[in-house]
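Take a look at the structure set out below.
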Amino acid sequence: MKTVSVMLSSPPDEPLSRMAVAALEAEASLRELALEVSTDSSLPHNSVQLSSGGDSVASDRPRLIGDPGKFLELFNQRQKTPPTLDSVPRGVETEGAGSSPASKFLVGVTSCPTGIAHTFMAAEALAKGAAAMGYTMKVETRGSVGAKNELTDEEIARADAVIVAADANVETVRFAGKRLLETGTKAAINDSKKLIEEALKKEPSSSEGKSSEKANGKKNNAVDSISTS
């Protein structure tokens with residue numbers, strides 16, 4: 001596996017640096033790249049330098065967070081399609097008890113205040129967890145650049161359950177009548193399979209829906225209490 005050196009002008013534990021590294025890690029996993037992160041205070045303020053095998057590219061943290069793929073493209077092409085896209089192959093449909101043929105299909109929405117790192121990390125974790133359990137999942141991401149990979153009415157209608165993993169308000173009106181689990185992005189990143197199991201055990205919603213609350217520990221406490229690694 002090719003290794004890319006990530007040189008930060010600021011310590012990696014600074015909030016903006018953490019977001020930059022998280023965005024790079026999520027994209028690097030799709031390109032089968034390993035990251036080696038270090039700090040060089042001699043670099044210009046707010047800058048990031050990526051290098052591998054004689055190739056190098058420089059950027060600043062905000063631009064890198066907004067489009068990490070643009071900067072990793074130099075080192076490797078994507079090896080697989082991101083699981084948050086609708087191009088994920090559909091699962092084989094099986095008969096469901098007391099209903100039309102079960103789709104083995106889930107939908108979700110992820111969102112965080114900046115709509116960058118945690119939004120996409122949570123979406124990827126949910127899609128991977130669903131695949132490991134024999135489900136196909138489409139995840140809509142919502143952030144400062146708007147909604148991406150938006151769910152259609154038909155997809156929502158045939159979904160076995162809905163997971164909203166958000167640290168910002170998300171309208172849930174369109175999920176009325178579905179099994180709906182609301183939680184935060186960290187819970188999805190830490191243990192997506194557990195969230196999916198919880199969602200599938202839910203009773204279908206009978207309310208007309210509302211805006212989800214920001215993840216604050218009041219919703220799905222049992223799952224949100226999972227500590228970060």
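Residues in the structure tokens are numbered from 1 in each chain, the chains being A, B, ... in the order shown, and ligands are numbered from 1 in the order shown.
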If we count only C-alpha atoms, what is near Ala117 in chain A at a cut-off of 7 Å, once residues fewer than 5 positions away on the same chain are taken out, given as a PyMOL selection string? chain A and resi 19+22-23
How would the residues just picked look written out with N, CA, C and O atoms as a PDB file, in the first residue's frame?
ATOM      1  N   MET A  19      -9.947  17.948  11.560  1.00  0.00           N
ATOM      2  CA  MET A  19     -10.915  17.819  10.469  1.00  0.00           C
ATOM      3  C   MET A  19     -10.218  17.514   9.150  1.00  0.00           C
ATOM      4  O   MET A  19     -10.690  16.699   8.358  1.00  0.00           O
ATOM      5  N   ALA A  22      -9.090  13.891   9.246  1.00  0.00           N
ATOM      6  CA  ALA A  22     -10.243  12.989   9.147  1.00  0.00           C
ATOM      7  C   ALA A  22     -10.767  12.934   7.709  1.00  0.00           C
ATOM      8  O   ALA A  22     -11.114  11.864   7.208  1.00  0.00           O
ATOM      9  N   ALA A  23     -10.824  14.089   7.044  1.00  0.00           N
ATOM     10  CA  ALA A  23     -11.293  14.124   5.651  1.00  0.00           C
ATOM     11  C   ALA A  23     -10.333  13.359   4.749  1.00  0.00           C
ATOM     12  O   ALA A  23     -10.752  12.613   3.857  1.00  0.00           O
TER      13      ALA A  23
END
Need to verify the contact set: range 62-71 of chain A, 10 Å, only C-alpha atoms, exclusion of same-chain residues closer than 5 positions in sequence. Can you return it as a ChimeraX atom specification? /A:16-28,30-31,46-50,56-57,76-78,114-117,144-145
File dump, residues just selected, C-alpha atoms, as a PDB file, in the first residue's frame:
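Wrote it out as again-v3.pdb, contents follow:
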ATOM      1  CA  LEU A  16      -9.109  22.379  11.982  1.00  0.00           C
ATOM      2  CA  SER A  17      -6.157  19.999  11.659  1.00  0.00           C
ATOM      3  CA  ARG A  18      -8.244  17.121  13.063  1.00  0.00           C
ATOM      4  CA  MET A  19     -10.915  17.819  10.469  1.00  0.00           C
ATOM      5  CA  ALA A  20      -8.337  17.932   7.684  1.00  0.00           C
ATOM      6  CA  VAL A  21      -6.812  14.610   8.741  1.00  0.00           C
ATOM      7  CA  ALA A  22     -10.243  12.989   9.147  1.00  0.00           C
ATOM      8  CA  ALA A  23     -11.293  14.124   5.651  1.00  0.00           C
ATOM      9  CA  LEU A  24      -8.042  12.799   4.198  1.00  0.00           C
ATOM     10  CA  GLU A  25      -8.377   9.465   6.005  1.00  0.00           C
ATOM     11  CA  ALA A  26     -11.901   8.909   4.677  1.00  0.00           C
ATOM     12  CA  GLU A  27     -10.794   9.621   1.108  1.00  0.00           C
ATOM     13  CA  ALA A  28      -7.499   7.725   1.454  1.00  0.00           C
ATOM     14  CA  LEU A  30     -11.127   4.673  -0.984  1.00  0.00           C
ATOM     15  CA  ARG A  31      -7.793   4.951  -2.759  1.00  0.00           C
ATOM     16  CA  ASN A  46      -2.534  26.983   7.950  1.00  0.00           C
ATOM     17  CA  SER A  47      -0.797  25.014   5.192  1.00  0.00           C
ATOM     18  CA  VAL A  48      -0.715  21.281   4.492  1.00  0.00           C
ATOM     19  CA  GLN A  49       1.832  19.496   2.304  1.00  0.00           C
ATOM     20  CA  LEU A  50       1.214  16.017   0.872  1.00  0.00           C
ATOM     21  CA  SER A  56       3.971  16.569  -3.772  1.00  0.00           C
ATOM     22  CA  VAL A  57       1.092  19.004  -3.517  1.00  0.00           C
ATOM     23  CA  ASN A  76      -3.678   7.184  -6.550  1.00  0.00           C
ATOM     24  CA  GLN A  77      -6.958   6.750  -8.388  1.00  0.00           C
ATOM     25  CA  ARG A  78      -9.988   5.637  -6.442  1.00  0.00           C
ATOM     26  CA  THR A 114     -19.699  21.982   9.003  1.00  0.00           C
ATOM     27  CA  GLY A 115     -20.963  19.170   6.785  1.00  0.00           C
ATOM     28  CA  ILE A 116     -17.509  17.810   6.088  1.00  0.00           C
ATOM     29  CA  ALA A 117     -15.504  15.169   7.937  1.00  0.00           C
ATOM     30  CA  SER A 144     -22.723  23.603   4.062  1.00  0.00           C
ATOM     31  CA  VAL A 145     -22.621  22.669   0.361  1.00  0.00           C
TER      32      VAL A 145
END
Tell me which of A:Ile163, A:Leu126, A:Ile156, A:Ala131 sits closest to Val109 in chain A, counting only C-alpha atoms.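 Using only C-alpha atoms, the shortest distance to Val109 in chain A belongs to A:Ile163.
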Write out as a ChimeraX atom specification the residues lying within 6 Å of Ser205 in chain A, counting only C-alpha atoms and excluding same-chain residues fewer than 3 positions away. /A:176-179
Suppose you want the space between CA of Val139 in chain A and CA of Leu72 in chain A; what is it in Å? 23.4 Å
Spatial neighbours of range 193-197 of chain A, 8 Å, only C-alpha atoms, chain gap at least 5 places, as a ChimeraX atom specification: /A:126,129-130,133,163,181,187-188,223
Between A:Ser192, A:Thr185, A:Glu154, A:Asn169, which has the minimum distance to Ala132 in chain A (counting only C-alpha atoms)?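 Comparing A:Ser192, A:Thr185, A:Glu154, A:Asn169 against Ala132 in chain A, the winner is A:Ser192.
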Give me, please, the distance in Å between CA of Lys201 in chain A and CA of Val170 in chain A, quoted to one decimal.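 Straight-line distance from CA of Lys201 in chain A to CA of Val170 in chain A works out to 21.8 Å.
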Exercise: Met7 in chain A partners within 10 Å, only C-alpha atoms, chain neighbours under 2 positions left out, as a list of chain:residue names: A:Val4, A:Ser5, A:Ser9, A:Ser10, A:Pro11, A:Pro12, A:Glu36, A:Val37, A:Ser38, A:Thr39, A:Asp40, A:Ser41, A:Leu43, A:Ser47, A:Val48, A:Gln49, A:Leu50, A:Ser51, A:Ala58
Do you know which residues are at most 9 Å from Arg158 in chain A counting only C-alpha atoms, after dropping those on the same chain fewer than 2 positions away, and could you put them as an mmCIF file with N, CA, C and O atoms, in the first residue's frame?
data_model
loop_
_atom_site.group_PDB
_atom_site.id
_atom_site.type_symbol
_atom_site.label_atom_id
_atom_site.label_comp_id
_atom_site.auth_asym_id
_atom_site.auth_seq_id
_atom_site.Cartn_x
_atom_site.Cartn_y
_atom_site.Cartn_z
ATOM 1 N N ALA A 102 -39.189 -8.219 0.809
ATOM 2 C CA ALA A 102 -38.285 -7.362 1.569
ATOM 3 C C ALA A 102 -37.129 -6.927 0.683
ATOM 4 O O ALA A 102 -36.594 -7.707 -0.090
ATOM 5 N N SER A 103 -36.747 -5.694 0.816
ATOM 6 C CA SER A 103 -35.712 -5.160 -0.057
ATOM 7 C C SER A 103 -34.320 -5.349 0.496
ATOM 8 O O SER A 103 -33.350 -5.215 -0.234
ATOM 9 N N PHE A 105 -32.971 -3.262 2.265
ATOM 10 C CA PHE A 105 -32.516 -1.949 1.854
ATOM 11 C C PHE A 105 -32.772 -0.950 2.979
ATOM 12 O O PHE A 105 -33.844 -0.942 3.588
ATOM 13 N N LEU A 106 -31.772 -0.133 3.274
ATOM 14 C CA LEU A 106 -31.866 0.875 4.318
ATOM 15 C C LEU A 106 -31.539 2.239 3.734
ATOM 16 O O LEU A 106 -30.836 2.346 2.723
ATOM 17 N N ASP A 153 -38.429 9.548 -2.927
ATOM 18 C CA ASP A 153 -39.609 9.027 -2.229
ATOM 19 C C ASP A 153 -39.710 7.516 -2.381
ATOM 20 O O ASP A 153 -40.088 6.811 -1.446
ATOM 21 N N GLU A 154 -39.350 7.013 -3.562
ATOM 22 C CA GLU A 154 -39.432 5.570 -3.800
ATOM 23 C C GLU A 154 -38.440 4.815 -2.923
ATOM 24 O O GLU A 154 -38.751 3.749 -2.373
ATOM 25 N N GLU A 155 -37.242 5.356 -2.772
ATOM 26 C CA GLU A 155 -36.236 4.703 -1.939
ATOM 27 C C GLU A 155 -36.649 4.692 -0.478
ATOM 28 O O GLU A 155 -36.479 3.691 0.224
ATOM 29 N N ILE A 156 -37.211 5.795 -0.013
ATOM 30 C CA ILE A 156 -37.685 5.856 1.373
ATOM 31 C C ILE A 156 -38.818 4.863 1.579
ATOM 32 O O ILE A 156 -38.870 4.157 2.586
ATOM 33 N N ASP A 160 -36.328 -0.650 4.723
ATOM 34 C CA ASP A 160 -36.746 -1.378 5.916
ATOM 35 C C ASP A 160 -36.627 -0.527 7.171
ATOM 36 O O ASP A 160 -37.305 -0.771 8.165
ATOM 37 N N ALA A 161 -35.735 0.453 7.153
ATOM 38 C CA ALA A 161 -35.551 1.341 8.303
ATOM 39 C C ALA A 161 -34.767 2.569 7.851
ATOM 40 O O ALA A 161 -34.137 2.578 6.793
#
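Assigned to strand (DSSP E) in range 155-185 of chain A, given DSSP computed from backbone atoms, are A:Ala161, A:Val162, A:Ile163, A:Val164, A:Ala165, A:Ala166, A:Leu180, A:Leu181, A:Glu182, A:Thr183.
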Let me see the file: selected residues, C-alpha atoms, as an mmCIF file, in the first residue's frame.
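File written: out00.cif
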data_model
loop_
_atom_site.group_PDB
_atom_site.id
_atom_site.type_symbol
_atom_site.label_atom_id
_atom_site.label_comp_id
_atom_site.auth_asym_id
_atom_site.auth_seq_id
_atom_site.Cartn_x
_atom_site.Cartn_y
_atom_site.Cartn_z
ATOM 1 C CA ALA A 161 -35.551 1.341 8.303
ATOM 2 C CA VAL A 162 -34.151 4.862 8.408
ATOM 3 C CA ILE A 163 -31.150 6.094 10.396
ATOM 4 C CA VAL A 164 -30.595 9.818 10.887
ATOM 5 C CA ALA A 165 -27.093 10.316 12.317
ATOM 6 C CA ALA A 166 -26.818 14.070 12.696
ATOM 7 C CA LEU A 180 -36.707 5.666 12.370
ATOM 8 C CA LEU A 181 -33.634 5.901 14.597
ATOM 9 C CA GLU A 182 -32.109 9.298 15.378
ATOM 10 C CA THR A 183 -28.644 9.684 16.847
#
Have a look at CA of Thr3 in chain A and CA of Gly54 in chain A and let me know their distance in Å, one decimal.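 CA of Thr3 in chain A sits 11.8 Å away from CA of Gly54 in chain A.
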